[in-house]
$ cat my_file.csv   # CSV, C-alpha atoms and all ligand atoms
chain,number,residue,atom,x,y,z
A,1,MET,CA,0.0,0.0,0.0
A,2,ASN,CA,1.4,3.4,-0.9
A,3,ASP,CA,0.9,6.9,0.4
A,4,HIS,CA,-1.0,7.7,-2.7
A,5,SER,CA,-3.8,5.3,-1.8
A,6,LEU,CA,-4.0,6.6,1.7
A,7,GLU,CA,-4.1,10.2,0.4
A,8,HIS,CA,-6.9,9.2,-1.9
A,9,ILE,CA,-8.9,7.8,1.0
A,10,LYS,CA,-8.5,11.0,3.0
A,11,GLU,CA,-9.6,13.1,0.1
A,12,ASN,CA,-12.7,11.0,-0.4
A,13,VAL,CA,-13.6,11.4,3.3
A,14,ARG,CA,-13.0,15.2,3.2
A,15,GLN,CA,-15.2,15.5,0.1
A,16,LEU,CA,-18.0,13.4,1.7
A,17,LEU,CA,-18.0,15.3,4.9
A,18,LYS,CA,-18.4,18.5,3.0
A,19,GLU,CA,-21.2,17.0,0.8
A,20,LEU,CA,-23.3,15.3,3.5
A,21,PRO,CA,-26.1,17.5,5.0
A,22,PRO,CA,-25.8,18.4,8.7
A,23,GLY,CA,-27.2,15.7,10.9
A,24,VAL,CA,-26.3,12.8,8.6
A,25,GLU,CA,-23.8,10.5,10.2
A,26,LEU,CA,-21.2,8.8,8.0
A,27,VAL,CA,-20.3,5.2,8.8
A,28,ALA,CA,-17.1,4.0,7.1
A,29,ALA,CA,-17.9,0.4,6.0
A,30,ALA,CA,-14.5,-1.1,6.5
A,31,LYS,CA,-14.9,-4.8,5.5
A,32,GLN,CA,-11.7,-6.2,4.0
A,33,GLN,CA,-9.8,-2.9,4.7
A,34,PRO,CA,-6.4,-3.2,6.4
A,35,PRO,CA,-6.1,-1.1,9.6
A,36,GLU,CA,-3.8,1.5,7.9
A,37,LYS,CA,-6.5,2.4,5.5
A,38,ILE,CA,-9.0,2.7,8.3
A,39,VAL,CA,-6.6,4.9,10.2
A,40,ALA,CA,-6.2,7.2,7.2
A,41,ALA,CA,-10.0,7.6,7.1
A,42,ILE,CA,-10.1,8.4,10.8
A,43,GLU,CA,-7.3,11.0,10.3
A,44,ALA,CA,-9.5,12.7,7.6
A,45,GLY,CA,-12.5,12.9,10.0
A,46,ILE,CA,-14.3,9.5,10.1
A,47,ARG,CA,-15.8,8.9,13.6
A,48,ILE,CA,-17.8,5.7,13.0
A,49,ILE,CA,-16.4,2.5,11.7
A,50,GLY,CA,-18.8,-0.2,10.4
A,51,GLU,CA,-17.6,-3.8,10.5
A,52,ASN,CA,-19.2,-6.9,9.1
A,53,TYR,CA,-17.1,-9.6,10.7
A,54,VAL,CA,-16.3,-9.8,14.4
A,55,GLN,CA,-12.8,-11.3,13.9
A,56,GLU,CA,-11.8,-8.6,11.4
A,57,ALA,CA,-13.2,-5.9,13.8
A,58,ALA,CA,-11.2,-7.4,16.7
A,59,GLU,CA,-8.0,-7.0,14.6
A,60,ALA,CA,-8.7,-3.4,13.7
A,61,PHE,CA,-9.9,-2.6,17.2
A,62,MET,CA,-6.5,-3.7,18.6
A,63,VAL,CA,-4.8,-1.1,16.4
A,64,ILE,CA,-7.3,1.7,16.6
A,65,GLY,CA,-9.0,1.3,20.0
A,66,LYS,CA,-11.9,3.2,21.4
A,67,LYS,CA,-11.3,6.6,19.8
A,68,VAL,CA,-14.1,5.9,17.2
A,69,GLN,CA,-17.6,4.4,17.5
A,70,TRP,CA,-17.6,0.7,16.4
A,71,SER,CA,-20.8,-0.2,14.6
A,72,PHE,CA,-21.6,-3.8,13.7
A,73,ILE,CA,-23.3,-3.9,10.3
A,74,GLY,CA,-22.9,-7.6,9.3
A,75,HIS,CA,-25.0,-10.7,10.0
A,76,LEU,CA,-24.3,-11.6,13.7
A,77,GLN,CA,-24.1,-15.2,14.5
A,78,LYS,CA,-25.1,-16.2,18.0
A,79,ASN,CA,-21.7,-17.8,18.8
A,80,LYS,CA,-20.0,-14.4,18.0
A,81,VAL,CA,-22.2,-12.3,20.2
A,82,LYS,CA,-20.0,-12.6,23.3
A,83,LYS,CA,-17.0,-11.2,21.5
A,84,ALA,CA,-19.0,-8.7,19.6
A,85,VAL,CA,-20.5,-7.0,22.6
A,86,GLU,CA,-17.0,-6.4,24.0
A,87,ILE,CA,-16.0,-4.4,20.9
A,88,PHE,CA,-19.0,-2.8,19.4
A,89,ASP,CA,-20.8,0.4,20.6
A,90,ILE,CA,-23.9,-0.3,18.5
A,91,ILE,CA,-25.3,-3.3,16.6
A,92,GLU,CA,-27.3,-2.3,13.5
A,93,THR,CA,-28.5,-5.7,12.4
A,94,VAL,CA,-30.8,-7.2,15.1
A,95,ASP,CA,-33.4,-9.2,13.2
A,96,SER,CA,-34.7,-11.8,15.6
A,97,LEU,CA,-35.7,-12.1,19.2
A,98,GLU,CA,-33.3,-14.9,19.7
A,99,LEU,CA,-30.4,-12.7,18.7
A,100,ALA,CA,-31.7,-9.8,20.8
A,101,ALA,CA,-32.0,-12.1,23.8
A,102,GLU,CA,-28.4,-13.3,23.3
A,103,ILE,CA,-27.0,-9.8,23.1
A,104,ASN,CA,-29.0,-8.9,26.2
A,105,LYS,CA,-27.6,-11.8,28.1
A,106,ARG,CA,-24.0,-11.1,27.1
A,107,CYS,CA,-24.4,-7.4,27.8
A,108,ALA,CA,-25.9,-8.1,31.2
A,109,ALA,CA,-22.8,-10.1,32.1
A,110,LEU,CA,-20.6,-7.0,31.2
A,111,GLY,CA,-23.0,-4.5,32.8
A,112,LYS,CA,-23.3,-2.8,29.4
A,113,ILE,CA,-26.4,-1.3,27.7
A,114,MET,CA,-26.1,-1.9,23.9
A,115,PRO,CA,-27.8,0.5,21.5
A,116,VAL,CA,-29.3,-1.6,18.6
A,117,LEU,CA,-31.1,-1.0,15.3
A,118,ILE,CA,-33.5,-3.5,13.8
A,119,GLU,CA,-32.4,-4.6,10.3
A,120,VAL,CA,-35.4,-4.5,8.0
A,121,ASN,CA,-35.5,-6.8,4.9
A,122,SER,CA,-37.4,-4.0,3.1
A,123,GLY,CA,-37.2,-5.8,-0.3
A,124,ARG,CA,-38.5,-9.1,1.1
A,125,GLU,CA,-35.5,-10.7,-0.5
A,126,PRO,CA,-35.3,-14.4,0.5
A,127,GLN,CA,-31.5,-14.3,0.4
A,128,LYS,CA,-31.2,-11.3,2.7
A,129,PHE,CA,-31.3,-11.1,6.4
A,130,GLY,CA,-33.5,-8.7,8.3
A,131,ALA,CA,-36.9,-8.7,9.8
A,132,LEU,CA,-39.8,-8.5,7.4
A,133,PRO,CA,-41.7,-5.2,7.6
A,134,GLU,CA,-44.6,-6.8,9.5
A,135,GLU,CA,-42.2,-8.3,12.0
A,136,VAL,CA,-40.7,-5.0,13.0
A,137,GLU,CA,-43.3,-3.8,15.5
A,138,PRO,CA,-43.5,-7.0,17.5
A,139,LEU,CA,-39.7,-7.3,17.5
A,140,ALA,CA,-39.4,-3.7,18.6
A,141,ARG,CA,-41.8,-4.3,21.5
A,142,ALA,CA,-39.8,-7.4,22.6
A,143,ILE,CA,-36.5,-5.5,22.4
A,144,THR,CA,-37.8,-2.7,24.7
A,145,GLY,CA,-38.5,-5.4,27.2
A,146,LEU,CA,-34.8,-6.4,27.4
A,147,PRO,CA,-33.0,-4.3,30.0
A,148,ASN,CA,-29.6,-4.4,28.4
A,149,LEU,CA,-30.7,-3.3,25.0
A,150,LYS,CA,-31.6,0.2,23.9
A,151,LEU,CA,-33.6,0.4,20.7
A,152,ARG,CA,-32.3,3.3,18.6
A,153,GLY,CA,-33.9,2.8,15.2
A,154,LEU,CA,-33.9,0.9,11.9
A,155,MET,CA,-31.4,-0.1,9.3
A,156,THR,CA,-32.0,-1.5,5.8
A,157,MET,CA,-29.8,-2.5,2.9
A,158,GLY,CA,-32.4,-2.4,0.1
A,159,PRO,CA,-31.7,-4.1,-3.2
A,160,PHE,CA,-28.3,-2.6,-4.0
A,161,GLU,CA,-27.6,-3.5,-7.6
A,162,GLY,CA,-28.1,-1.2,-10.5
A,163,ASP,CA,-30.1,2.1,-10.5
A,164,PRO,CA,-30.3,3.7,-7.1
A,165,GLU,CA,-33.8,4.9,-8.0
A,166,GLU,CA,-34.9,1.3,-7.7
A,167,ALA,CA,-34.0,1.4,-4.0
A,168,ARG,CA,-36.1,4.5,-3.3
A,169,PRO,CA,-39.4,2.6,-2.5
A,170,TYR,CA,-37.6,0.4,0.0
A,171,PHE,CA,-36.0,3.3,1.7
A,172,ARG,CA,-39.4,5.0,1.8
A,173,LEU,CA,-41.0,2.0,3.3
A,174,THR,CA,-38.4,1.8,6.0
A,175,ARG,CA,-38.8,5.4,6.8
A,176,GLN,CA,-42.6,4.8,7.2
A,177,LEU,CA,-41.9,1.9,9.5
A,178,PHE,CA,-39.5,4.2,11.5
A,179,GLU,CA,-42.2,6.9,11.8
A,180,GLN,CA,-44.8,4.3,12.9
A,181,LEU,CA,-42.5,2.9,15.5
A,182,LYS,CA,-41.8,6.4,16.9
A,183,ALA,CA,-45.5,7.0,17.2
A,184,LEU,CA,-45.9,4.0,19.5
A,185,ASN,CA,-43.8,5.8,22.2
A,186,LEU,CA,-42.3,2.6,23.3
A,187,PRO,CA,-40.9,3.0,26.9
A,188,GLY,CA,-37.1,2.9,27.0
A,189,ALA,CA,-36.7,3.3,23.2
A,190,GLU,CA,-34.9,6.3,21.8
A,191,LEU,CA,-35.7,6.2,18.1
A,192,ASN,CA,-33.5,8.6,16.3
A,193,ILE,CA,-31.3,6.5,13.9
A,194,LEU,CA,-32.4,5.6,10.4
A,195,SER,CA,-29.4,3.8,8.7
A,196,MET,CA,-29.9,3.4,5.0
A,197,GLY,CA,-27.8,4.0,1.9
A,198,MET,CA,-24.5,2.7,0.5
A,199,THR,CA,-22.1,4.0,-2.1
A,200,ASN,CA,-24.5,3.8,-5.0
A,201,SER,CA,-27.7,4.8,-3.1
A,202,TYR,CA,-26.8,7.2,-0.3
A,203,ARG,CA,-28.1,10.3,-2.0
A,204,VAL,CA,-31.5,8.7,-2.6
A,205,ALA,CA,-31.5,7.3,1.0
A,206,ILE,CA,-30.8,10.8,2.4
A,207,GLU,CA,-33.7,12.2,0.3
A,208,GLU,CA,-35.9,9.5,1.9
A,209,GLY,CA,-34.9,10.5,5.4
A,210,ALA,CA,-31.7,8.5,6.3
A,211,ASN,CA,-29.6,10.2,9.0
A,212,ARG,CA,-26.9,7.6,8.8
A,213,VAL,CA,-25.2,6.3,5.7
A,214,ARG,CA,-22.8,3.4,5.4
A,215,LEU,CA,-20.1,3.9,2.7
A,216,GLY,CA,-17.3,1.6,1.8
A,217,THR,CA,-16.4,1.8,-1.9
A,218,ARG,CA,-16.9,5.6,-1.9
A,219,ILE,CA,-14.3,6.0,0.8
A,220,PHE,CA,-11.8,3.1,0.2
A,221,GLY,CA,-12.3,2.3,-3.5
A,222,PRO,CA,-13.5,-1.0,-4.9
A,223,ARG,CA,-13.0,-4.2,-2.9
A,224,PHE,CA,-11.4,-7.1,-4.7
A,301,LIG,C1,-20.3,-3.3,2.5
A,301,LIG,C2,-21.5,-2.7,3.2
A,301,LIG,C3,-21.8,-1.3,3.0
A,301,LIG,C4,-21.0,-0.4,2.1
A,301,LIG,O1,-21.1,-0.8,0.7
A,301,LIG,P1,-20.5,0.0,-0.5
A,301,LIG,O2,-21.3,-0.3,-1.6
A,301,LIG,O3,-19.1,-0.4,-0.6
A,301,LIG,O4,-20.6,1.5,0.0
A,301,LIG,C5,-22.9,-0.8,3.7
A,301,LIG,N1,-23.6,-1.5,4.5
A,301,LIG,C6,-23.4,-2.8,4.7
A,301,LIG,C7,-24.2,-3.6,5.6
A,301,LIG,C8,-22.3,-3.5,4.1
A,301,LIG,O5,-22.1,-4.7,4.3

$ encode --input "my_file.csv" --output "structure tokens" --more "lines below"
Ligand SMILES: *Cc1c(COP(=O)(O)O)cnc(C)c1O
Amino acid sequence: MNDHSLEHIKENVRQLLKELPPGVELVAAAKQQPPEKIVAAIEAGIRIIGENYVQEAAEAFMVIGKKVQWSFIGHLQKNKVKKAVEIFDIIETVDSLELAAEINKRCAALGKIMPVLIEVNSGREPQKFGALPEEVEPLARAITGLPNLKLRGLMTMGPFEGDPEEARPYFRLTRQLFEQLKALNLPGAELNILSMGMTNSYRVAIEEGANRVRLGTRIFGPRF
């Protein structure tokens, strides 16, 4: 890796931070990126690192430490929860009561309260994870009954190939679910995070109400 590629990452971050409207948080989706590249992004102003794999995150965490927010954005397997709750400050991909209960149990053992988002399978794609739209409210009610979880909002991927306009209805649906949840005034919930949009779709996601976007390629370049 040369200085040129690190400089390029920093320039991408600076441009993005100028471009994003106030109130929209930028998550650097760091899967497959070596710690040096993540550090470069942090030096240019990144404050939230998104990781898909617990083991990869553990390696980056050892280098970088607690100076950023660590956000889990991958599919969390039950047998990885114990390690995950030691590293992460927020888990964006809770999609079942079983997973929520496991996170609750492991956080209780650490005396930690974990902010979580419910991942919504807004496109009802069989190959994707996430709660189906009609499962969101019952799952949200169940999560607010778990003392070591704090429900903070919703996350969705949406279909992410091709034209970003095709993702718009799924972002809109997720925004509606978010507003419906807020209207329930669930005790203990603090619903203020709507995480949607990736490199090809973040502009559309922001138009549809996202206040957190997760960008990998736009920051680090293509993954191989
Ligand atoms: C990889 C990933 C992203 C970022 O994808 P890009 O298209 O590279 O911006 C966002 N969210 C999740 C959940 C991811 O796995």

$ residues_around --input "my_file.csv" --residues "Ala142 (chain A)" --least-positions-apart "3" --cutoff "12 Å" --atoms "only C-alpha atoms" --output "PyMOL selection string"
chain A and resi 94-101+104+118+135-139+145-147+149-151+186-189

$ closest_atom_pairs --input "my_file.csv" --of "chain A" --to "ligand LIG 301 (chain A)" --cutoff "10 Å" --atoms "all atoms listed in the file" --output "tab-separated table"
residue	atom	partner	partner_atom	distance
A:Val27	CA	A:LIG301	C5	8.3
A:Ala28	CA	A:LIG301	C4	7.7
A:Ala29	CA	A:LIG301	C4	5.0
A:Ala30	CA	A:LIG301	C1	7.4
A:Lys31	CA	A:LIG301	C1	6.4
A:Gln32	CA	A:LIG301	C1	9.2
A:Gly50	CA	A:LIG301	N1	7.7
A:Glu51	CA	A:LIG301	O5	7.7
A:Asn52	CA	A:LIG301	O5	6.0
A:Tyr53	CA	A:LIG301	O5	9.5
A:Phe72	CA	A:LIG301	C7	8.5
A:Ile73	CA	A:LIG301	C7	4.8
A:Gly74	CA	A:LIG301	C7	5.6
A:His75	CA	A:LIG301	C7	8.4
A:Glu92	CA	A:LIG301	C7	8.6
A:Thr93	CA	A:LIG301	C7	8.3
A:Glu119	CA	A:LIG301	C7	9.5
A:Met155	CA	A:LIG301	C7	8.8
A:Thr156	CA	A:LIG301	C7	8.1
A:Met157	CA	A:LIG301	C7	6.3
A:Gly158	CA	A:LIG301	N1	9.9
A:Phe160	CA	A:LIG301	O2	7.7
A:Glu161	CA	A:LIG301	O2	9.3
A:Ser195	CA	A:LIG301	N1	8.9
A:Met196	CA	A:LIG301	N1	8.0
A:Gly197	CA	A:LIG301	C5	7.1
A:Met198	CA	A:LIG301	O4	4.1
A:Thr199	CA	A:LIG301	O4	3.6
A:Asn200	CA	A:LIG301	O2	6.2
A:Ser201	CA	A:LIG301	O2	8.3
A:Tyr202	CA	A:LIG301	O4	8.4
A:Val213	CA	A:LIG301	C5	7.7
A:Arg214	CA	A:LIG301	C5	4.5
A:Leu215	CA	A:LIG301	O4	3.6
A:Gly216	CA	A:LIG301	O3	3.6
A:Thr217	CA	A:LIG301	O3	3.7
A:Arg218	CA	A:LIG301	O4	5.8
A:Ile219	CA	A:LIG301	O4	7.8
A:Phe220	CA	A:LIG301	O3	8.1
A:Gly221	CA	A:LIG301	O3	7.9
A:Pro222	CA	A:LIG301	O3	7.1
A:Arg223	CA	A:LIG301	O3	7.5

$ write_last_selection --input "my_file.csv" --atoms "C-alpha atoms" --output "mmCIF file, in the coordinates of the input"
data_model
loop_
_atom_site.group_PDB
_atom_site.id
_atom_site.type_symbol
_atom_site.label_atom_id
_atom_site.label_comp_id
_atom_site.auth_asym_id
_atom_site.auth_seq_id
_atom_site.Cartn_x
_atom_site.Cartn_y
_atom_site.Cartn_z
ATOM 1 C CA VAL A 27 -20.300 5.200 8.800
ATOM 2 C CA ALA A 28 -17.100 4.000 7.100
ATOM 3 C CA ALA A 29 -17.900 0.400 6.000
ATOM 4 C CA ALA A 30 -14.500 -1.100 6.500
ATOM 5 C CA LYS A 31 -14.900 -4.800 5.500
ATOM 6 C CA GLN A 32 -11.700 -6.200 4.000
ATOM 7 C CA GLY A 50 -18.800 -0.200 10.400
ATOM 8 C CA GLU A 51 -17.600 -3.800 10.500
ATOM 9 C CA ASN A 52 -19.200 -6.900 9.100
ATOM 10 C CA TYR A 53 -17.100 -9.600 10.700
ATOM 11 C CA PHE A 72 -21.600 -3.800 13.700
ATOM 12 C CA ILE A 73 -23.300 -3.900 10.300
ATOM 13 C CA GLY A 74 -22.900 -7.600 9.300
ATOM 14 C CA HIS A 75 -25.000 -10.700 10.000
ATOM 15 C CA GLU A 92 -27.300 -2.300 13.500
ATOM 16 C CA THR A 93 -28.500 -5.700 12.400
ATOM 17 C CA GLU A 119 -32.400 -4.600 10.300
ATOM 18 C CA MET A 155 -31.400 -0.100 9.300
ATOM 19 C CA THR A 156 -32.000 -1.500 5.800
ATOM 20 C CA MET A 157 -29.800 -2.500 2.900
ATOM 21 C CA GLY A 158 -32.400 -2.400 0.100
ATOM 22 C CA PHE A 160 -28.300 -2.600 -4.000
ATOM 23 C CA GLU A 161 -27.600 -3.500 -7.600
ATOM 24 C CA SER A 195 -29.400 3.800 8.700
ATOM 25 C CA MET A 196 -29.900 3.400 5.000
ATOM 26 C CA GLY A 197 -27.800 4.000 1.900
ATOM 27 C CA MET A 198 -24.500 2.700 0.500
ATOM 28 C CA THR A 199 -22.100 4.000 -2.100
ATOM 29 C CA ASN A 200 -24.500 3.800 -5.000
ATOM 30 C CA SER A 201 -27.700 4.800 -3.100
ATOM 31 C CA TYR A 202 -26.800 7.200 -0.300
ATOM 32 C CA VAL A 213 -25.200 6.300 5.700
ATOM 33 C CA ARG A 214 -22.800 3.400 5.400
ATOM 34 C CA LEU A 215 -20.100 3.900 2.700
ATOM 35 C CA GLY A 216 -17.300 1.600 1.800
ATOM 36 C CA THR A 217 -16.400 1.800 -1.900
ATOM 37 C CA ARG A 218 -16.900 5.600 -1.900
ATOM 38 C CA ILE A 219 -14.300 6.000 0.800
ATOM 39 C CA PHE A 220 -11.800 3.100 0.200
ATOM 40 C CA GLY A 221 -12.300 2.300 -3.500
ATOM 41 C CA PRO A 222 -13.500 -1.000 -4.900
ATOM 42 C CA ARG A 223 -13.000 -4.200 -2.900
#

$ closest_atom_pairs --input "my_file.csv" --of "region 77-180 of chain A" --to "region 59-69 of chain A" --cutoff "8 Å" --atoms "only C-alpha atoms" --output "CSV"
residue,atom,partner,partner_atom,distance
A:Ile87,CA,A:Phe61,CA,7.4
A:Phe88,CA,A:Gln69,CA,7.6
A:Asp89,CA,A:Gln69,CA,6.0
A:Ile90,CA,A:Gln69,CA,7.9

$ residues_around --input "my_file.csv" --residues "Arg203 (chain A)" --least-positions-apart "5" --cutoff "12 Å" --atoms "all atoms listed in the file" --output "PDB file with C-alpha atoms, in the frame of the given file"
ATOM      1  CA  LEU A  16     -18.000  13.400   1.700  1.00  0.00           C
ATOM      2  CA  GLU A  19     -21.200  17.000   0.800  1.00  0.00           C
ATOM      3  CA  LEU A  20     -23.300  15.300   3.500  1.00  0.00           C
ATOM      4  CA  PRO A  21     -26.100  17.500   5.000  1.00  0.00           C
ATOM      5  CA  VAL A  24     -26.300  12.800   8.600  1.00  0.00           C
ATOM      6  CA  ASP A 163     -30.100   2.100 -10.500  1.00  0.00           C
ATOM      7  CA  PRO A 164     -30.300   3.700  -7.100  1.00  0.00           C
ATOM      8  CA  GLU A 165     -33.800   4.900  -8.000  1.00  0.00           C
ATOM      9  CA  ALA A 167     -34.000   1.400  -4.000  1.00  0.00           C
ATOM     10  CA  ARG A 168     -36.100   4.500  -3.300  1.00  0.00           C
ATOM     11  CA  PHE A 171     -36.000   3.300   1.700  1.00  0.00           C
ATOM     12  CA  MET A 196     -29.900   3.400   5.000  1.00  0.00           C
ATOM     13  CA  GLY A 197     -27.800   4.000   1.900  1.00  0.00           C
ATOM     14  CA  MET A 198     -24.500   2.700   0.500  1.00  0.00           C
ATOM     15  CA  GLU A 208     -35.900   9.500   1.900  1.00  0.00           C
ATOM     16  CA  GLY A 209     -34.900  10.500   5.400  1.00  0.00           C
ATOM     17  CA  ALA A 210     -31.700   8.500   6.300  1.00  0.00           C
ATOM     18  CA  ASN A 211     -29.600  10.200   9.000  1.00  0.00           C
ATOM     19  CA  ARG A 212     -26.900   7.600   8.800  1.00  0.00           C
ATOM     20  CA  VAL A 213     -25.200   6.300   5.700  1.00  0.00           C
ATOM     21  CA  ARG A 214     -22.800   3.400   5.400  1.00  0.00           C
ATOM     22  CA  LEU A 215     -20.100   3.900   2.700  1.00  0.00           C
TER      23      LEU A 215
END

$ atom_distance --input "my_file.csv" --atom1 "CA of Glu190 (chain A)" --atom2 "CA of Arg152 (chain A)"
5.1 Å

$ atom_distance --input "my_file.csv" --atom1 "CA of Asn79 (chain A)" --atom2 "CA of Glu125 (chain A)"
24.8 Å

$ atom_distance --input "my_file.csv" --atom1 "CA of Val85 (chain A)" --atom2 "CA of Lys112 (chain A)"
8.5 Å

$ closest_residue --input "my_file.csv" --among "A:Leu17, A:Ala205, A:Leu110, A:Leu177" --to "Ala140 (chain A)" --atoms "all atoms listed in the file"
A:Leu177

$ residues_near_point --input "my_file.csv" --point "(-11.6, 2.8, 10.9)" --cutoff "7 Å" --atoms "only C-alpha atoms" --output "count of residues only"
8

$ residues_near_point --input "my_file.csv" --point "(-24.0, -16.9, 20.1)" --cutoff "10 Å" --atoms "all atoms listed in the file" --output "JSON, numbers by chain"
{"A": [76, 77, 78, 79, 80, 81, 82, 83, 84, 98, 99, 102, 103, 106]}

$ closest_residue --input "my_file.csv" --among "A:Phe224, A:Tyr170, A:Phe178, A:Trp70" --to "Gly153 (chain A)" --atoms "only C-alpha atoms"
A:Phe178

$ closest_residue --input "my_file.csv" --among "A:Gly162, A:Gly45, A:Pro34, A:Gly111" --to "Asn148 (chain A)" --atoms "all atoms listed in the file"
A:Gly111
